[in-house]
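K.L.:
Structure file final-v8.pdb (PDB, C-alpha atoms) is given on the next line.
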ATOM      1  CA  MET A1260     -49.059  -6.459 -24.404  1.00  0.00           C
ATOM      2  CA  THR A1261     -49.534  -3.541 -26.771  1.00  0.00           C
ATOM      3  CA  PHE A1262     -46.649  -1.773 -28.493  1.00  0.00           C
ATOM      4  CA  LYS A1263     -46.384   1.944 -29.092  1.00  0.00           C
ATOM      5  CA  THR A1264     -45.457   2.998 -32.592  1.00  0.00           C
ATOM      6  CA  VAL A1265     -43.233   6.092 -32.918  1.00  0.00           C
ATOM      7  CA  LYS A1266     -43.036   7.929 -36.226  1.00  0.00           C
ATOM      8  CA  ILE A1267     -39.810   9.808 -36.953  1.00  0.00           C
ATOM      9  CA  ALA A1268     -40.052  12.013 -40.034  1.00  0.00           C
ATOM     10  CA  ARG A1269     -37.092  12.023 -42.456  1.00  0.00           C
ATOM     11  CA  GLN A1270     -34.846  10.052 -40.107  1.00  0.00           C
ATOM     12  CA  GLN A1271     -32.877   6.876 -40.687  1.00  0.00           C
ATOM     13  CA  CYS A1272     -31.643   4.605 -37.910  1.00  0.00           C
ATOM     14  CA  VAL A1273     -27.852   4.148 -37.877  1.00  0.00           C
ATOM     15  CA  ASN A1274     -27.691   2.240 -34.597  1.00  0.00           C
ATOM     16  CA  THR A1275     -27.060  -1.489 -34.423  1.00  0.00           C
ATOM     17  CA  LEU A1276     -29.939  -2.222 -32.017  1.00  0.00           C
ATOM     18  CA  PRO A1277     -32.419  -4.769 -33.432  1.00  0.00           C
ATOM     19  CA  THR A1278     -35.433  -2.937 -34.805  1.00  0.00           C
ATOM     20  CA  ALA A1279     -38.465  -3.668 -36.930  1.00  0.00           C
ATOM     21  CA  THR A1280     -39.216  -0.996 -39.532  1.00  0.00           C
ATOM     22  CA  THR A1281     -42.303  -1.047 -41.697  1.00  0.00           C
ATOM     23  CA  THR A1282     -42.545   0.237 -45.255  1.00  0.00           C
ATOM     24  CA  SER A1283     -44.484   3.287 -44.074  1.00  0.00           C
ATOM     25  CA  GLY A1284     -41.527   4.552 -42.006  1.00  0.00           C
ATOM     26  CA  HIS A1285     -42.898   3.523 -38.592  1.00  0.00           C
ATOM     27  CA  MET A1286     -40.666   1.857 -36.014  1.00  0.00           C
ATOM     28  CA  THR A1287     -41.746  -0.343 -33.134  1.00  0.00           C
ATOM     29  CA  ILE A1288     -38.995   0.054 -30.513  1.00  0.00           C
ATOM     30  CA  LEU A1289     -40.739  -0.029 -27.160  1.00  0.00           C
ATOM     31  CA  SER A1290     -39.733  -3.654 -26.586  1.00  0.00           C
ATOM     32  CA  GLU A1291     -36.078  -2.696 -27.126  1.00  0.00           C
ATOM     33  CA  CYS A1292     -35.962  -0.241 -24.215  1.00  0.00           C
ATOM     34  CA  PRO A1293     -33.076  -1.337 -21.884  1.00  0.00           C
ATOM     35  CA  GLY A1294     -34.972  -0.403 -18.730  1.00  0.00           C
ATOM     36  CA  LYS A1295     -36.706   2.237 -16.676  1.00  0.00           C
ATOM     37  CA  GLY A1296     -35.520   5.821 -17.031  1.00  0.00           C
ATOM     38  CA  TYR A1297     -34.238   5.492 -20.624  1.00  0.00           C
ATOM     39  CA  LYS A1298     -35.316   7.911 -23.340  1.00  0.00           C
ATOM     40  CA  LEU A1299     -35.359   7.674 -27.109  1.00  0.00           C
ATOM     41  CA  CYS A1300     -32.858   9.809 -29.038  1.00  0.00           C
ATOM     42  CA  ARG A1301     -34.709  11.420 -31.939  1.00  0.00           C
ATOM     43  CA  LYS A1302     -31.521  12.065 -33.925  1.00  0.00           C
ATOM     44  CA  LYS A1303     -30.127   8.545 -34.270  1.00  0.00           C
ATOM     45  CA  LEU A1304     -32.988   6.509 -32.850  1.00  0.00           C
ATOM     46  CA  HIS A1305     -31.355   4.759 -29.916  1.00  0.00           C
ATOM     47  CA  TRP A1306     -31.997   4.638 -26.198  1.00  0.00           C
ATOM     48  CA  TYR A1307     -30.011   6.721 -23.713  1.00  0.00           C
ATOM     49  CA  LEU A1308     -30.046   7.666 -20.048  1.00  0.00           C
ATOM     50  CA  PRO A1309     -30.793  11.396 -19.622  1.00  0.00           C
ATOM     51  CA  THR A1310     -28.280  13.500 -17.671  1.00  0.00           C
ATOM     52  CA  SER A1311     -29.016  16.037 -14.970  1.00  0.00           C
ATOM     53  CA  ASN A1312     -28.650  19.015 -17.346  1.00  0.00           C
ATOM     54  CA  GLY A1313     -31.485  17.708 -19.525  1.00  0.00           C
ATOM     55  CA  ARG A1314     -29.738  18.512 -22.811  1.00  0.00           C
ATOM     56  CA  GLY A1315     -30.583  15.286 -24.606  1.00  0.00           C
ATOM     57  CA  CYS A1316     -28.331  12.434 -25.675  1.00  0.00           C
ATOM     58  CA  ALA A1317     -24.735  13.046 -24.542  1.00  0.00           C
ATOM     59  CA  GLU A1318     -23.219  10.718 -27.170  1.00  0.00           C
ATOM     60  CA  CYS A1319     -24.929  12.491 -30.051  1.00  0.00           C
ATOM     61  CA  ARG A1320     -23.944  15.911 -28.724  1.00  0.00           C
ATOM     62  CA  LYS A1321     -20.348  14.751 -28.345  1.00  0.00           C
ATOM     63  CA  GLN A1322     -20.266  13.409 -31.904  1.00  0.00           C
ATOM     64  CA  TYR A1323     -21.847  16.601 -33.256  1.00  0.00           C
ATOM     65  CA  THR A1324     -19.265  18.748 -31.443  1.00  0.00           C
ATOM     66  CA  LYS A1325     -16.406  16.563 -32.683  1.00  0.00           C
ATOM     67  CA  ASN A1326     -17.554  16.809 -36.313  1.00  0.00           C
ATOM     68  CA  LYS A1327     -18.030  20.560 -36.043  1.00  0.00           C
ATOM     69  CA  TYR A1328     -14.580  20.971 -34.469  1.00  0.00           C
ATOM     70  CA  HIS A1329     -12.904  19.316 -37.476  1.00  0.00           C
ATOM     71  CA  THR A1330     -14.974  21.146 -40.096  1.00  0.00           C
ATOM     72  CA  ASP A1331     -15.606  24.648 -38.685  1.00  0.00           C
ATOM     73  CA  LEU A1332     -12.349  26.649 -38.200  1.00  0.00           C
ATOM     74  CA  LYS A1333     -14.055  29.457 -36.248  1.00  0.00           C
ATOM     75  CA  PHE A1334     -15.593  26.961 -33.861  1.00  0.00           C
ATOM     76  CA  GLN A1335     -12.226  25.213 -33.522  1.00  0.00           C
ATOM     77  CA  LYS A1336     -10.437  28.469 -32.563  1.00  0.00           C
ATOM     78  CA  LYS A1337     -13.177  29.307 -30.096  1.00  0.00           C
ATOM     79  CA  ARG A1338     -12.928  25.884 -28.435  1.00  0.00           C
ATOM     80  CA  LYS A1339      -9.123  26.085 -28.206  1.00  0.00           C
ATOM     81  CA  LYS A1340      -9.291  29.515 -26.616  1.00  0.00           C
ATOM     82  CA  SER A1341     -11.902  28.314 -24.132  1.00  0.00           C
ATOM     83  CA  ALA A1342      -9.786  25.229 -23.320  1.00  0.00           C
ATOM     84  CA  ARG A1343      -6.705  27.377 -22.620  1.00  0.00           C
ATOM     85  CA  GLU A1344      -8.685  29.634 -20.304  1.00  0.00           C
ATOM     86  CA  GLN A1345     -10.141  26.676 -18.419  1.00  0.00           C
ATOM     87  CA  GLU A1346      -6.686  25.112 -18.110  1.00  0.00           C
ATOM     88  CA  LYS A1347      -5.302  28.289 -16.525  1.00  0.00           C
ATOM     89  CA  LYS A1348      -8.156  28.357 -14.016  1.00  0.00           C
ATOM     90  CA  ASN A1349      -7.757  24.647 -13.124  1.00  0.00           C
ATOM     91  CA  GLN A1350      -4.021  24.124 -13.619  1.00  0.00           C
ATOM     92  CA  ASP A1351      -3.541  21.488 -10.905  1.00  0.00           C
ATOM     93  CA  LYS A1352      -6.543  19.453 -12.011  1.00  0.00           C
ATOM     94  CA  CYS A1353      -5.481  19.536 -15.670  1.00  0.00           C
ATOM     95  CA  ASN A1354      -1.892  18.548 -14.853  1.00  0.00           C
ATOM     96  CA  LYS A1355      -3.098  15.619 -12.766  1.00  0.00           C
ATOM     97  CA  ARG A1356      -5.343  14.429 -15.601  1.00  0.00           C
ATOM     98  CA  LYS A1357      -2.481  14.742 -18.107  1.00  0.00           C
ATOM     99  CA  ARG A1358      -0.093  12.822 -15.871  1.00  0.00           C
ATOM    100  CA  LEU A1359      -2.581   9.977 -15.458  1.00  0.00           C
ATOM    101  CA  ARG A1360      -3.173   9.808 -19.205  1.00  0.00           C
ATOM    102  CA  TYR A1361       0.582   9.935 -19.883  1.00  0.00           C
ATOM    103  CA  GLN A1362       1.152   6.992 -17.535  1.00  0.00           C
ATOM    104  CA  ASN A1363      -1.762   4.827 -18.694  1.00  0.00           C
ATOM    105  CA  ASP A1364      -2.122   5.619 -22.410  1.00  0.00           C
ATOM    106  CA  VAL A1365       0.869   4.145 -24.297  1.00  0.00           C
ATOM    107  CA  GLU A1366      -0.178   5.608 -27.648  1.00  0.00           C
ATOM    108  CA  PHE A1367      -0.599   9.094 -26.168  1.00  0.00           C
ATOM    109  CA  ARG A1368       2.751   8.820 -24.354  1.00  0.00           C
ATOM    110  CA  THR A1369       4.593   7.831 -27.545  1.00  0.00           C
ATOM    111  CA  LYS A1370       2.962  10.606 -29.552  1.00  0.00           C
ATOM    112  CA  ARG A1371       3.686  13.185 -26.858  1.00  0.00           C
ATOM    113  CA  LYS A1372       7.363  12.170 -26.630  1.00  0.00           C
ATOM    114  CA  GLU A1373       7.745  12.560 -30.391  1.00  0.00           C
ATOM    115  CA  GLN A1374       6.160  16.023 -30.272  1.00  0.00           C
ATOM    116  CA  ILE A1375       8.395  17.187 -27.404  1.00  0.00           C
ATOM    117  CA  ASN A1376      11.556  15.818 -29.047  1.00  0.00           C
ATOM    118  CA  ALA A1377      10.692  17.485 -32.362  1.00  0.00           C
ATOM    119  CA  GLN A1378      10.147  20.826 -30.597  1.00  0.00           C
ATOM    120  CA  LYS A1379      13.467  20.507 -28.748  1.00  0.00           C
ATOM    121  CA  ARG A1380      15.378  19.625 -31.932  1.00  0.00           C
ATOM    122  CA  THR A1381      13.946  22.648 -33.720  1.00  0.00           C
ATOM    123  CA  ARG A1382      14.728  24.957 -30.809  1.00  0.00           C
ATOM    124  CA  TRP A1383      18.254  23.527 -30.483  1.00  0.00           C
ATOM    125  CA  LYS A1384      18.984  24.493 -34.087  1.00  0.00           C
ATOM    126  CA  THR A1385      17.430  27.959 -34.000  1.00  0.00           C
ATOM    127  CA  ASP A1386      17.819  29.297 -30.436  1.00  0.00           C
ATOM    128  CA  SER A1387      21.539  29.707 -29.643  1.00  0.00           C
ATOM    129  CA  GLU A1388      20.883  31.231 -26.200  1.00  0.00           C
ATOM    130  CA  TRP A1389      18.688  28.303 -25.151  1.00  0.00           C
ATOM    131  CA  ARG A1390      21.263  25.851 -26.546  1.00  0.00           C
ATOM    132  CA  ALA A1391      24.055  27.422 -24.455  1.00  0.00           C
ATOM    133  CA  LEU A1392      21.823  27.319 -21.368  1.00  0.00           C
ATOM    134  CA  ARG A1393      21.046  23.634 -21.888  1.00  0.00           C
ATOM    135  CA  LEU A1394      24.729  22.783 -22.378  1.00  0.00           C
ATOM    136  CA  ASN A1395      25.620  24.555 -19.145  1.00  0.00           C
ATOM    137  CA  GLN A1396      22.832  22.740 -17.281  1.00  0.00           C
ATOM    138  CA  THR A1397      24.064  19.407 -18.648  1.00  0.00           C
ATOM    139  CA  ARG A1398      27.635  20.103 -17.538  1.00  0.00           C
ATOM    140  CA  LEU A1399      26.482  21.021 -14.033  1.00  0.00           C
ATOM    141  CA  TRP A1400      24.268  17.932 -13.812  1.00  0.00           C
ATOM    142  CA  PHE A1401      27.106  15.627 -14.914  1.00  0.00           C
ATOM    143  CA  LYS A1402      29.452  17.294 -12.413  1.00  0.00           C
ATOM    144  CA  SER A1403      27.043  16.769  -9.505  1.00  0.00           C
ATOM    145  CA  ASN A1404      26.048  13.219 -10.612  1.00  0.00           C
ATOM    146  CA  PRO A1405      29.231  11.468 -11.786  1.00  0.00           C
ATOM    147  CA  HIS A1406      27.790   7.979 -11.204  1.00  0.00           C
ATOM    148  CA  LYS A1407      24.810   8.766 -13.438  1.00  0.00           C
ATOM    149  CA  ARG A1408      27.095  10.083 -16.158  1.00  0.00           C
ATOM    150  CA  LEU A1409      29.207   6.917 -15.984  1.00  0.00           C
ATOM    151  CA  ALA A1410      26.068   4.762 -16.175  1.00  0.00           C
ATOM    152  CA  TYR A1411      24.828   6.835 -19.140  1.00  0.00           C
ATOM    153  CA  ASP A1412      28.169   6.516 -20.974  1.00  0.00           C
ATOM    154  CA  LYS A1413      28.274   2.754 -20.414  1.00  0.00           C
ATOM    155  CA  LEU A1414      24.707   2.452 -21.649  1.00  0.00           C
ATOM    156  CA  LYS A1415      25.551   4.335 -24.851  1.00  0.00           C
ATOM    157  CA  GLN A1416      28.615   2.149 -25.327  1.00  0.00           C
ATOM    158  CA  ALA A1417      26.558  -1.018 -24.833  1.00  0.00           C
ATOM    159  CA  LYS A1418      23.925   0.144 -27.333  1.00  0.00           C
ATOM    160  CA  ARG A1419      26.616   1.005 -29.855  1.00  0.00           C
ATOM    161  CA  LYS A1420      28.126  -2.482 -29.488  1.00  0.00           C
ATOM    162  CA  GLN A1421      24.659  -4.096 -29.483  1.00  0.00           C
ATOM    163  CA  ARG A1422      25.061  -5.405 -25.920  1.00  0.00           C
ATOM    164  CA  PHE A1423      21.894  -3.836 -24.486  1.00  0.00           C
ATOM    165  CA  VAL A1424      18.421  -5.409 -24.550  1.00  0.00           C
ATOM    166  CA  ASP A1425      14.968  -3.891 -24.104  1.00  0.00           C
ATOM    167  CA  TRP A1426      14.136  -5.917 -20.977  1.00  0.00           C
ATOM    168  CA  ALA A1427      17.102  -4.469 -19.046  1.00  0.00           C
ATOM    169  CA  ASP A1428      16.236  -1.859 -16.412  1.00  0.00           C
ATOM    170  CA  PRO A1429      18.463   1.287 -16.667  1.00  0.00           C
ATOM    171  CA  LYS A1430      17.431   2.394 -13.152  1.00  0.00           C
ATOM    172  CA  LYS A1431      18.604  -0.879 -11.595  1.00  0.00           C
ATOM    173  CA  ILE A1432      21.860  -0.605 -13.547  1.00  0.00           C
ATOM    174  CA  GLU A1433      22.341   2.932 -12.235  1.00  0.00           C
ATOM    175  CA  VAL A1434      22.109   1.631  -8.635  1.00  0.00           C
ATOM    176  CA  PHE A1435      25.371  -0.317  -9.132  1.00  0.00           C
ATOM    177  CA  TYR A1436      27.250   2.845 -10.131  1.00  0.00           C
ATOM    178  CA  LEU A1437      25.807   4.727  -7.155  1.00  0.00           C
ATOM    179  CA  GLU A1438      26.868   1.927  -4.789  1.00  0.00           C
ATOM    180  CA  ALA A1439      30.380   1.891  -6.289  1.00  0.00           C
ATOM    181  CA  LYS A1440      30.632   5.649  -5.712  1.00  0.00           C
ATOM    182  CA  LYS A1441      29.540   5.248  -2.060  1.00  0.00           C
ATOM    183  CA  LEU A1442      32.068   2.456  -1.431  1.00  0.00           C
ATOM    184  CA  THR A1443      34.832   4.586  -2.947  1.00  0.00           C
ATOM    185  CA  GLN A1444      33.958   7.482  -0.631  1.00  0.00           C
ATOM    186  CA  GLN A1445      33.623   5.281   2.472  1.00  0.00           C
ATOM    187  CA  THR A1446      36.759   3.160   2.050  1.00  0.00           C
ATOM    188  CA  GLY A1447      39.025   5.506   0.101  1.00  0.00           C
ATOM    189  CA  VAL A1448      39.654   2.657  -2.369  1.00  0.00           C
ATOM    190  CA  LYS A1449      38.552   3.102  -5.967  1.00  0.00           C
ATOM    191  CA  HIS A1450      35.680   0.751  -6.897  1.00  0.00           C
ATOM    192  CA  HIS A1451      34.454  -0.152 -10.377  1.00  0.00           C
ATOM    193  CA  VAL A1452      31.284  -1.683 -11.801  1.00  0.00           C
ATOM    194  CA  ASP A1453      32.386  -4.840 -13.586  1.00  0.00           C
ATOM    195  CA  HIS A1454      30.659  -7.107 -16.105  1.00  0.00           C
ATOM    196  CA  ILE A1455      30.686 -10.672 -14.772  1.00  0.00           C
ATOM    197  CA  TYR A1456      30.642 -11.959 -18.343  1.00  0.00           C
ATOM    198  CA  PRO A1457      32.715  -9.472 -20.394  1.00  0.00           C
ATOM    199  CA  MET A1458      31.038  -7.522 -23.177  1.00  0.00           C
ATOM    200  CA  ILE A1459      34.048  -8.012 -25.464  1.00  0.00           C
ATOM    201  CA  SER A1460      36.041 -11.253 -25.510  1.00  0.00           C
ATOM    202  CA  PRO A1461      37.443 -13.638 -28.136  1.00  0.00           C
ATOM    203  CA  PHE A1462      35.257 -16.409 -26.681  1.00  0.00           C
ATOM    204  CA  MET A1463      31.977 -14.809 -25.601  1.00  0.00           C
ATOM    205  CA  CYS A1464      29.960 -11.587 -25.383  1.00  0.00           C
ATOM    206  CA  GLY A1465      28.035 -10.640 -22.223  1.00  0.00           C
ATOM    207  CA  LEU A1466      25.173  -8.159 -21.983  1.00  0.00           C
ATOM    208  CA  HIS A1467      24.948  -4.807 -20.226  1.00  0.00           C
ATOM    209  CA  VAL A1468      22.097  -5.828 -17.893  1.00  0.00           C
ATOM    210  CA  GLU A1469      21.614  -5.655 -14.127  1.00  0.00           C
ATOM    211  CA  ASN A1470      22.113  -9.450 -13.747  1.00  0.00           C
ATOM    212  CA  ASN A1471      25.566  -9.255 -15.311  1.00  0.00           C
ATOM    213  CA  LEU A1472      27.030  -6.547 -13.048  1.00  0.00           C
ATOM    214  CA  GLN A1473      29.098  -6.661  -9.870  1.00  0.00           C
ATOM    215  CA  ILE A1474      31.181  -4.200  -7.844  1.00  0.00           C
ATOM    216  CA  LEU A1475      34.924  -4.801  -7.563  1.00  0.00           C
ATOM    217  CA  THR A1476      37.893  -2.729  -6.506  1.00  0.00           C
ATOM    218  CA  ALA A1477      39.778  -1.050  -9.330  1.00  0.00           C
ATOM    219  CA  PHE A1478      42.751  -3.423  -8.797  1.00  0.00           C
ATOM    220  CA  GLU A1479      40.532  -6.533  -8.962  1.00  0.00           C
ATOM    221  CA  ASN A1480      38.703  -5.274 -12.024  1.00  0.00           C
ATOM    222  CA  CYS A1481      41.879  -4.404 -13.923  1.00  0.00           C
ATOM    223  CA  SER A1482      43.481  -7.737 -12.961  1.00  0.00           C
ATOM    224  CA  LYS A1483      40.412  -9.658 -14.087  1.00  0.00           C
ATOM    225  CA  SER A1484      40.080  -7.676 -17.318  1.00  0.00           C
ATOM    226  CA  ASN A1485      38.028  -9.694 -19.887  1.00  0.00           C
ATOM    227  CA  ARG A1486      39.929 -12.951 -19.423  1.00  0.00           C
ATOM    228  CA  THR A1487      37.991 -14.648 -16.583  1.00  0.00           C
ATOM    229  CA  TRP A1488      34.321 -15.406 -15.914  1.00  0.00           C
ATOM    230  CA  PRO A1489      32.216 -18.099 -14.144  1.00  0.00           C
ATOM    231  CA  GLY A1490      32.123 -21.519 -15.802  1.00  0.00           C
ATOM    232  CA  GLN A1491      35.173 -20.787 -17.942  1.00  0.00           C
ATOM    233  CA  LEU A1492      36.602 -23.707 -19.937  1.00  0.00           C
ATOM    234  CA  ASP A1493      40.277 -24.669 -19.693  1.00  0.00           C
ATOM    235  CA  CYS A1494      40.863 -23.757 -23.337  1.00  0.00           C
ATOM    236  CA  GLN A1495      39.564 -20.242 -22.619  1.00  0.00           C
ATOM    237  CA  LYS A1496      41.897 -19.538 -19.707  1.00  0.00           C
ATOM    238  CA  GLY A1497      45.079 -17.499 -19.988  1.00  0.00           C
ATOM    239  CA  SER A1498      46.108 -14.888 -22.529  1.00  0.00           C
ATOM    240  CA  VAL A1499      48.988 -14.028 -24.771  1.00  0.00           C
ATOM    241  CA  TYR A1500      50.692 -12.332 -21.800  1.00  0.00           C
ATOM    242  CA  ASP A1501      50.587 -15.576 -19.817  1.00  0.00           C
ATOM    243  CA  ILE A1502      51.849 -17.764 -22.668  1.00  0.00           C
ATOM    244  CA  LEU A1503      54.711 -15.672 -24.077  1.00  0.00           C
ATOM    245  CA  ASN A1504      57.856 -14.791 -22.202  1.00  0.00           C
ATOM    246  CA  LYS A1505      58.423 -11.416 -20.500  1.00  0.00           C
ATOM    247  CA  GLU A1506      60.762 -10.022 -23.168  1.00  0.00           C
ATOM    248  CA  LEU A1507      58.240 -10.556 -25.948  1.00  0.00           C
ATOM    249  CA  THR A1508      55.321  -9.115 -23.960  1.00  0.00           C
ATOM    250  CA  ASP A1509      57.436  -6.027 -23.235  1.00  0.00           C
ATOM    251  CA  LEU A1510      57.895  -5.570 -26.980  1.00  0.00           C
ATOM    252  CA  LEU A1511      54.127  -5.954 -27.552  1.00  0.00           C
ATOM    253  CA  ASN A1512      53.444  -3.268 -24.939  1.00  0.00           C
ATOM    254  CA  ASP A1513      56.069  -0.915 -26.361  1.00  0.00           C
ATOM    255  CA  ASN A1514      54.421   1.944 -28.272  1.00  0.00           C
TER     256      ASN A1514
END
As structure tokens - that is how I would like this structure written.

P.N.:
Amino acid sequence: MTFKTVKIARQQCVNTLPTATTTSGHMTILSECPGKGYKLCRKKLHWYLPTSNGRGCAECRKQYTKNKYHTDLKFQKKRKKSAREQEKKNQDKCNKRKRLRYQNDVEFRTKRKEQINAQKRTRWKTDSEWRALRLNQTRLWFKSNPHKRLAYDKLKQAKRKQRFVDWADPKKIEVFYLEAKKLTQQTGVKHHVDHIYPMISPFMCGLHVENNLQILTAFENCSKSNRTWPGQLDCQKGSVYDILNKELTDLLNDN
């Protein structure tokens, strides 16, 4: 087999493909060709598959455009303007692509959330009309979704008391409050979402997670309070109101 020698003037290979370079600047690379249809890139000396437009190596063109974008301000403005125009023409396609990237790319999602939150904080401080509009929208939303507001308030309370964990699912927790609202409307009896293991107790601390919730009537929940739970020991049963006589408990309750 004979090998073809290609001479590239004033070029240096930066690719990691195994090559054999002589002192005279010649490179024997025919044996390194990945297969039929590949062409040799004269800029960085590596093999590539040509595209239908016939504009050379796509990777090199992409890298050249990226470098120029970060170094040439005029080119950067031109590209941004062109991107905005293309986005207006293909709004649905661009939104779909952004949604897919937002769902799949964790780093992009985190960065985007930080950008949006920073913009909202700045606008909240400077735009009084927008702030009033947002407050009114929040009030209306809370009024039409009381179970979601209750779930949100309980979640904030749990986070403040360090009773919420990252593996808990807020959506599953919200289902309990929705079910309690439905039962209240259907039966006419007030229902509460109760913590099976209380979040605050002299003996233990439960978590605000979906596995620690149950729906009880308001009477049952208030009677239970934070004094009973499954697997309770004998030394943990009862309270000061059960131990002391009625006269003394009346004095304790007297404000």

K.L.:
Enumerate, as a list in words, the residues matched when the PyMOL selection byres ((chain A and resi 1481) around 12) is run on the file above.

P.N.:
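Written out, the selection comes to Lys1449, His1450, His1451, Val1452, Asp1453, His1454, Leu1475, Thr1476, Ala1477, Phe1478, Glu1479, Asn1480, Ser1482, Lys1483, Ser1484, Asn1485, Arg1486 and Thr1487 of chain A.
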
K.L.:
With a distance cut-off of 6 Å and only C-alpha atoms, select the neighbouring residues of range 1431-1437 of chain A, excluding the residue or stretch itself and same-chain residues fewer than 3 positions from it, and output the selection as a PyMOL selection string.

P.N.:
chain A and resi 1406+1410+1428+1440+1469

K.L.:
Provide the CA of Leu1409 in chain A to CA of Met1458 in chain A distance in Å, to one decimal place.

P.N.:
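Between these atoms lies a distance of 16.2 Å.
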